[in-house]
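Structure data follow from structure01.pdb (PDB, C-alpha atoms, pLDDT in the B column):
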```pdb
ATOM      1  CA  MET P  10      69.886 108.102  70.298  1.00 46.00           C
ATOM      2  CA  ALA P  11      73.282 109.502  69.306  1.00 65.00           C
ATOM      3  CA  GLY P  12      76.344 109.283  71.516  1.00 92.00           C
ATOM      4  CA  VAL P  13      78.091 106.538  73.433  1.00 97.00           C
ATOM      5  CA  LEU P  14      76.788 104.623  76.445  1.00 98.00           C
ATOM      6  CA  GLY P  15      78.968 105.003  79.533  1.00 98.00           C
ATOM      7  CA  ILE P  16      78.684 102.505  82.398  1.00 98.00           C
ATOM      8  CA  ASP P  17      80.479 102.993  85.715  1.00 98.00           C
ATOM      9  CA  ILE P  18      80.836  99.920  87.950  1.00 97.00           C
ATOM     10  CA  GLY P  19      81.291 100.807  91.619  1.00 94.00           C
ATOM     11  CA  GLY P  20      81.489  98.906  94.859  1.00 91.00           C
ATOM     12  CA  THR P  21      77.878  99.732  95.784  1.00 92.00           C
ATOM     13  CA  GLY P  22      76.219 100.822  92.526  1.00 95.00           C
ATOM     14  CA  VAL P  23      76.431 100.529  88.735  1.00 97.00           C
ATOM     15  CA  LYS P  24      75.570 103.793  86.947  1.00 97.00           C
ATOM     16  CA  ALA P  25      74.900 104.400  83.257  1.00 98.00           C
ATOM     17  CA  ALA P  26      73.863 107.078  80.790  1.00 98.00           C
ATOM     18  CA  PRO P  27      74.381 107.867  77.107  1.00 98.00           C
ATOM     19  CA  VAL P  28      76.933 110.652  76.623  1.00 98.00           C
ATOM     20  CA  ASP P  29      77.603 113.282  73.981  1.00 97.00           C
ATOM     21  CA  VAL P  30      81.374 112.803  73.877  1.00 96.00           C
ATOM     22  CA  ALA P  31      81.898 116.142  72.099  1.00 96.00           C
ATOM     23  CA  THR P  32      80.533 118.093  75.072  1.00 96.00           C
ATOM     24  CA  GLY P  33      80.629 115.652  78.010  1.00 97.00           C
ATOM     25  CA  ARG P  34      76.887 116.119  78.497  1.00 97.00           C
ATOM     26  CA  LEU P  35      74.597 113.253  79.514  1.00 98.00           C
ATOM     27  CA  LEU P  36      71.933 112.686  76.862  1.00 97.00           C
ATOM     28  CA  ALA P  37      69.454 111.097  79.268  1.00 97.00           C
ATOM     29  CA  GLU P  38      68.964 110.891  83.008  1.00 97.00           C
ATOM     30  CA  ARG P  39      71.525 108.701  84.723  1.00 97.00           C
ATOM     31  CA  VAL P  40      70.274 105.317  85.946  1.00 98.00           C
ATOM     32  CA  LYS P  41      71.830 103.532  88.926  1.00 97.00           C
ATOM     33  CA  LEU P  42      71.305  99.920  89.996  1.00 98.00           C
ATOM     34  CA  PRO P  43      72.788  98.227  93.092  1.00 97.00           C
ATOM     35  CA  THR P  44      76.035  96.321  92.624  1.00 97.00           C
ATOM     36  CA  PRO P  45      75.196  92.634  93.215  1.00 95.00           C
ATOM     37  CA  SER P  46      76.447  90.889  96.323  1.00 94.00           C
ATOM     38  CA  PRO P  47      78.566  88.897  95.808  1.00 94.00           C
ATOM     39  CA  ALA P  48      79.812  91.019  92.899  1.00 95.00           C
ATOM     40  CA  VAL P  49      80.809  88.037  90.726  1.00 96.00           C
ATOM     41  CA  PRO P  50      81.192  88.463  86.955  1.00 97.00           C
ATOM     42  CA  ASP P  51      77.943  86.844  85.788  1.00 97.00           C
ATOM     43  CA  GLN P  52      75.849  88.822  88.277  1.00 97.00           C
ATOM     44  CA  VAL P  53      77.463  92.133  87.339  1.00 97.00           C
ATOM     45  CA  ALA P  54      77.040  91.324  83.645  1.00 97.00           C
ATOM     46  CA  GLN P  55      73.310  90.848  84.273  1.00 97.00           C
ATOM     47  CA  VAL P  56      73.070  94.322  85.791  1.00 98.00           C
ATOM     48  CA  ILE P  57      74.928  95.802  82.825  1.00 97.00           C
ATOM     49  CA  GLY P  58      72.515  93.988  80.511  1.00 97.00           C
ATOM     50  CA  GLN P  59      69.587  95.547  82.393  1.00 97.00           C
ATOM     51  CA  LEU P  60      71.078  99.018  81.940  1.00 98.00           C
ATOM     52  CA  ILE P  61      71.641  98.461  78.219  1.00 97.00           C
ATOM     53  CA  ASP P  62      68.049  97.229  77.870  1.00 96.00           C
ATOM     54  CA  HIS P  63      66.767 100.245  79.814  1.00 97.00           C
ATOM     55  CA  PHE P  64      68.265 102.608  77.242  1.00 96.00           C
ATOM     56  CA  GLY P  65      67.418 100.311  74.318  1.00 96.00           C
ATOM     57  CA  TRP P  66      71.077 100.618  73.465  1.00 96.00           C
ATOM     58  CA  SER P  67      72.825  99.336  70.351  1.00 95.00           C
ATOM     59  CA  GLY P  68      76.326 100.611  69.677  1.00 95.00           C
ATOM     60  CA  PRO P  69      79.608 101.322  71.441  1.00 96.00           C
ATOM     61  CA  VAL P  70      79.703 100.919  75.224  1.00 98.00           C
ATOM     62  CA  GLY P  71      82.402 102.143  77.613  1.00 98.00           C
ATOM     63  CA  ILE P  72      82.629 100.343  80.959  1.00 98.00           C
ATOM     64  CA  THR P  73      84.704 101.279  83.987  1.00 98.00           C
ATOM     65  CA  PHE P  74      86.036  98.742  86.475  1.00 97.00           C
ATOM     66  CA  PRO P  75      87.235  99.453  90.044  1.00 95.00           C
ATOM     67  CA  GLY P  76      90.648  97.853  89.655  1.00 95.00           C
ATOM     68  CA  VAL P  77      93.650  97.560  87.357  1.00 97.00           C
ATOM     69  CA  VAL P  78      92.692  96.863  83.725  1.00 97.00           C
ATOM     70  CA  SER P  79      95.696  96.056  81.538  1.00 96.00           C
ATOM     71  CA  GLY P  80      95.125  95.258  77.874  1.00 93.00           C
ATOM     72  CA  GLY P  81      91.496  94.539  78.711  1.00 94.00           C
ATOM     73  CA  ILE P  82      92.475  92.005  81.414  1.00 97.00           C
ATOM     74  CA  ILE P  83      91.339  92.543  85.018  1.00 97.00           C
ATOM     75  CA  ARG P  84      94.390  92.407  87.294  1.00 97.00           C
ATOM     76  CA  THR P  85      92.946  93.523  90.664  1.00 96.00           C
ATOM     77  CA  ALA P  86      89.479  93.740  92.207  1.00 94.00           C
ATOM     78  CA  ALA P  87      89.911  95.064  95.744  1.00 88.00           C
ATOM     79  CA  ASN P  88      86.252  96.080  96.213  1.00 88.00           C
ATOM     80  CA  LEU P  89      84.565  93.408  94.081  1.00 93.00           C
ATOM     81  CA  ASP P  90      84.906  89.622  93.989  1.00 94.00           C
ATOM     82  CA  ARG P  91      88.317  88.013  93.380  1.00 95.00           C
ATOM     83  CA  ALA P  92      86.706  85.909  90.639  1.00 97.00           C
ATOM     84  CA  TRP P  93      87.275  88.901  88.342  1.00 97.00           C
ATOM     85  CA  ILE P  94      91.051  88.609  88.439  1.00 97.00           C
ATOM     86  CA  GLY P  95      92.444  87.311  85.145  1.00 98.00           C
ATOM     87  CA  ILE P  96      89.221  87.789  83.177  1.00 97.00           C
ATOM     88  CA  ASP P  97      89.415  89.299  79.697  1.00 98.00           C
ATOM     89  CA  ALA P  98      86.816  91.959  80.460  1.00 97.00           C
ATOM     90  CA  VAL P  99      86.531  93.233  76.891  1.00 97.00           C
ATOM     91  CA  ARG P 100      85.696  89.769  75.600  1.00 97.00           C
ATOM     92  CA  PHE P 101      83.515  88.925  78.619  1.00 97.00           C
ATOM     93  CA  PHE P 102      81.361  92.058  78.461  1.00 97.00           C
ATOM     94  CA  GLY P 103      81.352  91.992  74.667  1.00 96.00           C
ATOM     95  CA  ASP P 104      79.964  88.443  74.674  1.00 96.00           C
ATOM     96  CA  ALA P 105      77.471  89.288  77.428  1.00 94.00           C
ATOM     97  CA  THR P 106      76.127  92.439  75.771  1.00 95.00           C
ATOM     98  CA  ARG P 107      76.715  91.704  72.070  1.00 95.00           C
ATOM     99  CA  GLN P 108      77.976  95.272  71.747  1.00 95.00           C
ATOM    100  CA  PRO P 109      81.451  96.720  71.000  1.00 96.00           C
ATOM    101  CA  VAL P 110      82.903  97.269  74.470  1.00 97.00           C
ATOM    102  CA  THR P 111      85.833  99.222  75.916  1.00 97.00           C
ATOM    103  CA  VAL P 112      86.887  98.640  79.554  1.00 98.00           C
ATOM    104  CA  LEU P 113      89.177 100.800  81.684  1.00 98.00           C
ATOM    105  CA  ASN P 114      89.933 101.634  85.307  1.00 97.00           C
ATOM    106  CA  ASP P 115      87.165 103.683  86.926  1.00 97.00           C
ATOM    107  CA  ALA P 116      89.329 106.476  88.319  1.00 97.00           C
ATOM    108  CA  ASP P 117      91.228 106.744  85.021  1.00 98.00           C
ATOM    109  CA  ALA P 118      87.883 107.227  83.269  1.00 98.00           C
ATOM    110  CA  ALA P 119      86.818 109.908  85.749  1.00 98.00           C
ATOM    111  CA  GLY P 120      90.157 111.635  85.326  1.00 98.00           C
ATOM    112  CA  LEU P 121      89.895 111.676  81.527  1.00 98.00           C
ATOM    113  CA  ALA P 122      86.511 113.364  81.795  1.00 98.00           C
ATOM    114  CA  GLU P 123      87.698 115.952  84.305  1.00 98.00           C
ATOM    115  CA  MET P 124      90.787 116.785  82.249  1.00 98.00           C
ATOM    116  CA  ARG P 125      88.735 117.390  79.107  1.00 98.00           C
ATOM    117  CA  PHE P 126      85.503 118.881  80.428  1.00 98.00           C
ATOM    118  CA  GLY P 127      85.943 119.565  84.126  1.00 98.00           C
ATOM    119  CA  SER P 128      88.262 120.881  86.806  1.00 98.00           C
ATOM    120  CA  GLY P 129      91.461 119.805  85.039  1.00 98.00           C
ATOM    121  CA  LYS P 130      90.697 121.430  81.693  1.00 97.00           C
ATOM    122  CA  GLY P 131      93.706 123.401  80.482  1.00 96.00           C
ATOM    123  CA  GLN P 132      95.859 122.417  83.475  1.00 96.00           C
ATOM    124  CA  GLN P 133      99.467 121.564  82.625  1.00 96.00           C
ATOM    125  CA  GLY P 134     102.048 119.919  84.852  1.00 98.00           C
ATOM    126  CA  THR P 135     101.118 117.124  87.260  1.00 98.00           C
ATOM    127  CA  VAL P 136      97.472 116.550  88.158  1.00 98.00           C
ATOM    128  CA  LEU P 137      96.284 113.858  90.562  1.00 98.00           C
ATOM    129  CA  MET P 138      92.605 112.990  90.601  1.00 98.00           C
ATOM    130  CA  LEU P 139      91.385 110.967  93.570  1.00 98.00           C
ATOM    131  CA  THR P 140      87.895 109.474  93.773  1.00 97.00           C
ATOM    132  CA  PHE P 141      86.560 108.871  97.279  1.00 96.00           C
ATOM    133  CA  GLY P 142      83.834 106.239  97.498  1.00 93.00           C
ATOM    134  CA  THR P 143      83.829 102.569  98.507  1.00 91.00           C
ATOM    135  CA  GLY P 144      87.598 102.823  98.091  1.00 94.00           C
ATOM    136  CA  ILE P 145      89.980 105.497  96.826  1.00 96.00           C
ATOM    137  CA  GLY P 146      90.717 105.513  93.113  1.00 96.00           C
ATOM    138  CA  SER P 147      93.506 107.520  91.503  1.00 98.00           C
ATOM    139  CA  ALA P 148      94.307 108.952  88.083  1.00 98.00           C
ATOM    140  CA  LEU P 149      97.652 110.635  87.434  1.00 98.00           C
ATOM    141  CA  PHE P 150      98.255 113.050  84.536  1.00 98.00           C
ATOM    142  CA  TYR P 151     101.322 114.894  83.324  1.00 98.00           C
ATOM    143  CA  ASN P 152     100.726 117.610  80.737  1.00 97.00           C
ATOM    144  CA  ASP P 153      97.300 116.094  80.046  1.00 96.00           C
ATOM    145  CA  VAL P 154      98.695 112.578  79.437  1.00 97.00           C
ATOM    146  CA  LEU P 155      97.331 109.767  81.615  1.00 98.00           C
ATOM    147  CA  VAL P 156      99.627 107.374  83.484  1.00 98.00           C
ATOM    148  CA  PRO P 157      97.161 104.460  83.624  1.00 97.00           C
ATOM    149  CA  ASN P 158      96.287 102.107  86.469  1.00 97.00           C
ATOM    150  CA  THR P 159      97.840 103.889  89.418  1.00 97.00           C
ATOM    151  CA  GLU P 160      96.519 102.434  92.659  1.00 95.00           C
ATOM    152  CA  PHE P 161      97.354 105.168  95.143  1.00 97.00           C
ATOM    153  CA  GLY P 162      94.381 104.274  97.319  1.00 96.00           C
ATOM    154  CA  HIS P 163      96.521 101.392  98.554  1.00 95.00           C
ATOM    155  CA  ILE P 164      99.413 103.544  99.773  1.00 96.00           C
ATOM    156  CA  GLU P 165     100.066 102.579 103.399  1.00 96.00           C
ATOM    157  CA  ILE P 166      99.145 105.158 106.035  1.00 95.00           C
ATOM    158  CA  HIS P 167      99.668 104.253 109.705  1.00 93.00           C
ATOM    159  CA  GLY P 168      99.938 100.564 108.787  1.00 95.00           C
ATOM    160  CA  LYS P 169      96.711 100.422 106.747  1.00 94.00           C
ATOM    161  CA  ASP P 170      95.626 100.945 103.155  1.00 95.00           C
ATOM    162  CA  ALA P 171      94.806 104.633 102.773  1.00 97.00           C
ATOM    163  CA  GLU P 172      91.307 103.751 101.593  1.00 96.00           C
ATOM    164  CA  ALA P 173      90.662 101.789 104.796  1.00 96.00           C
ATOM    165  CA  ARG P 174      91.134 105.051 106.722  1.00 96.00           C
ATOM    166  CA  ALA P 175      90.088 107.826 104.360  1.00 97.00           C
ATOM    167  CA  SER P 176      87.506 106.573 101.840  1.00 96.00           C
ATOM    168  CA  GLU P 177      83.919 107.760 102.011  1.00 96.00           C
ATOM    169  CA  ARG P 178      82.961 104.280 103.174  1.00 95.00           C
ATOM    170  CA  ALA P 179      85.479 104.579 106.045  1.00 96.00           C
ATOM    171  CA  ARG P 180      83.798 107.848 107.045  1.00 97.00           C
ATOM    172  CA  GLU P 181      80.359 106.255 107.007  1.00 96.00           C
ATOM    173  CA  VAL P 182      81.351 102.997 108.733  1.00 96.00           C
ATOM    174  CA  GLY P 183      83.338 104.848 111.388  1.00 97.00           C
ATOM    175  CA  ASP P 184      80.595 107.474 111.788  1.00 97.00           C
ATOM    176  CA  LEU P 185      83.369 110.080 111.547  1.00 97.00           C
ATOM    177  CA  SER P 186      82.700 113.790 111.860  1.00 97.00           C
ATOM    178  CA  TRP P 187      83.682 115.899 108.855  1.00 97.00           C
ATOM    179  CA  GLU P 188      86.552 117.327 110.921  1.00 97.00           C
ATOM    180  CA  LYS P 189      87.890 113.888 111.837  1.00 98.00           C
ATOM    181  CA  TRP P 190      87.535 112.573 108.301  1.00 98.00           C
ATOM    182  CA  ALA P 191      89.117 115.700 106.803  1.00 97.00           C
ATOM    183  CA  ASP P 192      92.100 115.176 109.099  1.00 98.00           C
ATOM    184  CA  ARG P 193      92.547 111.650 107.704  1.00 97.00           C
ATOM    185  CA  VAL P 194      92.193 112.890 104.129  1.00 98.00           C
ATOM    186  CA  ASP P 195      94.715 115.640 104.834  1.00 98.00           C
ATOM    187  CA  THR P 196      97.233 113.100 106.168  1.00 98.00           C
ATOM    188  CA  TYR P 197      96.747 110.988 103.041  1.00 98.00           C
ATOM    189  CA  LEU P 198      97.009 113.899 100.614  1.00 98.00           C
ATOM    190  CA  ASP P 199     100.086 115.194 102.429  1.00 98.00           C
ATOM    191  CA  LYS P 200     101.717 111.821 101.740  1.00 97.00           C
ATOM    192  CA  MET P 201     100.732 111.988  98.059  1.00 98.00           C
ATOM    193  CA  GLU P 202     102.040 115.552  97.826  1.00 98.00           C
ATOM    194  CA  ALA P 203     105.370 114.456  99.288  1.00 97.00           C
ATOM    195  CA  LEU P 204     105.625 111.642  96.717  1.00 97.00           C
ATOM    196  CA  LEU P 205     104.389 113.397  93.557  1.00 98.00           C
ATOM    197  CA  SER P 206     104.375 117.196  94.128  1.00 98.00           C
ATOM    198  CA  PRO P 207     101.260 117.683  91.994  1.00 98.00           C
ATOM    199  CA  ASP P 208     100.242 121.108  90.779  1.00 98.00           C
ATOM    200  CA  LEU P 209      96.576 120.231  91.293  1.00 98.00           C
ATOM    201  CA  PHE P 210      94.505 117.701  93.226  1.00 98.00           C
ATOM    202  CA  ILE P 211      90.993 116.966  91.925  1.00 98.00           C
ATOM    203  CA  ILE P 212      88.669 115.304  94.447  1.00 98.00           C
ATOM    204  CA  GLY P 213      85.981 113.181  92.802  1.00 96.00           C
ATOM    205  CA  GLY P 214      83.254 110.709  93.692  1.00 91.00           C
ATOM    206  CA  GLY P 215      79.912 111.521  95.250  1.00 88.00           C
ATOM    207  CA  ILE P 216      81.704 113.248  98.119  1.00 93.00           C
ATOM    208  CA  SER P 217      82.727 116.034  95.738  1.00 94.00           C
ATOM    209  CA  ARG P 218      79.214 117.498  96.077  1.00 93.00           C
ATOM    210  CA  LYS P 219      79.967 118.129  99.762  1.00 96.00           C
ATOM    211  CA  SER P 220      83.416 119.613  99.250  1.00 95.00           C
ATOM    212  CA  ASP P 221      82.599 122.669 101.358  1.00 96.00           C
ATOM    213  CA  LYS P 222      82.519 120.403 104.421  1.00 96.00           C
ATOM    214  CA  PHE P 223      86.131 119.228 104.115  1.00 97.00           C
ATOM    215  CA  LEU P 224      88.211 121.098 101.505  1.00 96.00           C
ATOM    216  CA  PRO P 225      88.616 124.230 103.705  1.00 96.00           C
ATOM    217  CA  ARG P 226      90.154 122.010 106.411  1.00 96.00           C
ATOM    218  CA  LEU P 227      93.006 120.745 104.205  1.00 97.00           C
ATOM    219  CA  THR P 228      96.556 122.118 104.614  1.00 96.00           C
ATOM    220  CA  LEU P 229      98.315 121.309 101.331  1.00 96.00           C
ATOM    221  CA  HIS P 230     100.624 123.445  99.202  1.00 96.00           C
ATOM    222  CA  ALA P 231      98.976 122.334  95.955  1.00 97.00           C
ATOM    223  CA  ARG P 232      95.575 123.612  94.850  1.00 97.00           C
ATOM    224  CA  VAL P 233      92.727 121.207  95.726  1.00 98.00           C
ATOM    225  CA  VAL P 234      89.403 121.429  93.874  1.00 98.00           C
ATOM    226  CA  PRO P 235      86.253 119.289  93.639  1.00 97.00           C
ATOM    227  CA  ALA P 236      85.446 117.428  90.437  1.00 97.00           C
ATOM    228  CA  ALA P 237      83.202 119.542  88.224  1.00 97.00           C
ATOM    229  CA  LEU P 238      81.391 116.484  86.855  1.00 96.00           C
ATOM    230  CA  HIS P 239      80.912 115.035  90.350  1.00 93.00           C
ATOM    231  CA  ASN P 240      79.783 111.405  90.238  1.00 91.00           C
ATOM    232  CA  ASP P 241      79.068 111.495  86.486  1.00 96.00           C
ATOM    233  CA  ALA P 242      82.771 111.709  85.601  1.00 97.00           C
ATOM    234  CA  GLY P 243      83.242 107.932  85.357  1.00 97.00           C
ATOM    235  CA  ILE P 244      80.300 107.576  82.982  1.00 98.00           C
ATOM    236  CA  VAL P 245      81.580 110.390  80.761  1.00 98.00           C
ATOM    237  CA  GLY P 246      85.150 109.068  80.757  1.00 98.00           C
ATOM    238  CA  ALA P 247      83.981 105.542  79.919  1.00 98.00           C
ATOM    239  CA  ALA P 248      82.070 106.886  76.925  1.00 98.00           C
ATOM    240  CA  MET P 249      85.106 108.965  75.862  1.00 97.00           C
ATOM    241  CA  ALA P 250      87.350 105.886  75.965  1.00 97.00           C
ATOM    242  CA  ALA P 251      84.892 103.868  73.861  1.00 97.00           C
ATOM    243  CA  ALA P 252      84.618 106.691  71.316  1.00 96.00           C
ATOM    244  CA  ALA P 253      88.417 107.013  71.109  1.00 93.00           C
ATOM    245  CA  ARG P 254      88.775 103.277  70.528  1.00 85.00           C
ATOM    246  CA  ARG P 255      86.142 103.386  67.810  1.00 76.00           C
ATOM    247  CA  GLU P 256      88.071 106.132  66.000  1.00 70.00           C
TER     248      GLU P 256
END
```

Target encoding structure tokens, full file:
Amino acid sequence: MAGVLGIDIGGTGVKAAPVDVATGRLLAERVKLPTPSPAVPDQVAQVIGQLIDHFGWSGPVGITFPGVVSGGIIRTAANLDRAWIGIDAVRFFGDATRQPVTVLNDADAAGLAEMRFGSGKGQQGTVLMLTFGTGIGSALFYNDVLVPNTEFGHIEIHGKDAEARASERAREVGDLSWEKWADRVDTYLDKMEALLSPDLFIIGGGISRKSDKFLPRLTLHARVVPAALHNDAGIVGAAMAAAARRE
């Protein structure tokens, strides 16, 4: 099978599919397995091995990680186990899979995909992509250039991490109505607009499929749109990063 395998590690699930990096199209149906608990490195590597075996994959693999990845080294792991911090993820996953591996931040990967194939395509100026899931991931672009490893989900709002109040998990755990949750998201995005003055917000993660329930309630000056690739953006961006590294 041609293409590049993209794997997206999340706080609750690990998703994978082979990707045609020229078009952003998935070449097979996406497969999702539960993120192990505790989400320690060896356990997560086993899940990634299962996904690679499922596709019978041999070749380049792009892997996203929900935290700061600097030079292949994991620096933060807010929604996984702290045992990840300091690990050389490229070497670790490369040894575990015996495949050429590229590792990057999950929201950065989703942002790369949206800027090339999705809601950010052709958009100049400042674009902020935010992924709402277990936490809140962020990817910041200026004139289509990524500023890597922003962690805007940890901006403080009312004395708490923004993601503790406004992530999709916070909505589910708090059993919040769409109106109540949208109000929290609006407060958070208003803060981000005051700090960065983006021309466009892109809202990603699985919640993007339900954008009609909350986007009309937002009160920002900037345009706010759902991610076109929805929850596949991380997979596509991971594959793009692996292909770029291979070139």

Dump as CSV the rows for residues of stretch 39-157 of chain P within 10 Å of stretch 236-254 of chain P: closest atom pair and distance in Å with one decimal, only C-alpha atoms counted, ordered by chain and rising residue number.
```
residue,atom,partner,partner_atom,distance
P:Arg39,CA,P:Asp241,CA,8.2
P:Pro69,CA,P:Ala251,CA,6.3
P:Val70,CA,P:Ala251,CA,6.1
P:Gly71,CA,P:Ala247,CA,4.4
P:Ile72,CA,P:Ala247,CA,5.5
P:Thr73,CA,P:Ala247,CA,5.9
P:Phe74,CA,P:Ala247,CA,9.7
P:Pro109,CA,P:Ala251,CA,8.4
P:Val110,CA,P:Ala251,CA,6.9
P:Thr111,CA,P:Ala251,CA,5.2
P:Val112,CA,P:Ala247,CA,7.5
P:Leu113,CA,P:Ala247,CA,7.3
P:Asn114,CA,P:Ala247,CA,8.9
P:Asp115,CA,P:Gly243,CA,6.0
P:Ala116,CA,P:Gly243,CA,6.9
P:Asp117,CA,P:Gly246,CA,7.8
P:Ala118,CA,P:Gly246,CA,4.1
P:Ala119,CA,P:Gly243,CA,4.1
P:Gly120,CA,P:Gly246,CA,7.2
P:Leu121,CA,P:Gly246,CA,5.5
P:Ala122,CA,P:Gly246,CA,4.6
P:Glu123,CA,P:Ala242,CA,6.6
P:Met124,CA,P:Gly246,CA,9.7
P:Arg125,CA,P:Gly246,CA,9.2
P:Phe126,CA,P:Leu238,CA,8.0
P:Gly127,CA,P:Ala237,CA,4.9
P:Ser128,CA,P:Ala237,CA,5.4
P:Gly129,CA,P:Ala236,CA,8.4
P:Met138,CA,P:Ala236,CA,8.4
P:Leu139,CA,P:Ala236,CA,9.3
P:Thr140,CA,P:Ala236,CA,9.0
P:Gly142,CA,P:Asn240,CA,9.8
```

Review point. For the atom pair atom CA of P:Val53 and atom CA of P:Val182, what is the interatomic distance in Å to one decimal place?
Key: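 So the two atoms, atom CA of P:Val53 and atom CA of P:Val182, lie 24.3 Å apart.
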
**Study point:** Residues matched by the PyMOL selection byres ((chain P and resi 175-179) around 8) as a PyMOL selection string
**Key:** chain P and resi 141-145+171-174+180-183+190+193-194+197+216

Check your understanding: Quick one: of P:Leu204, P:Leu227, P:Ala191, P:Ile18, who's nearest to P:Phe161, counting all atoms listed in the file?
Key -> P:Leu204

Review point. Interatomic distance between atom CA of P:Leu42 and atom CA of P:Ile212?
Key: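 We find that atom CA of P:Leu42 and atom CA of P:Ile212 lie 23.6 Å from each other.
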
Practice item. Between atom CA of P:Phe101 and atom CA of P:Gly20, measure the distance and give it in Å to one decimal. Key: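 These atoms are spaced 19.2 Å apart.
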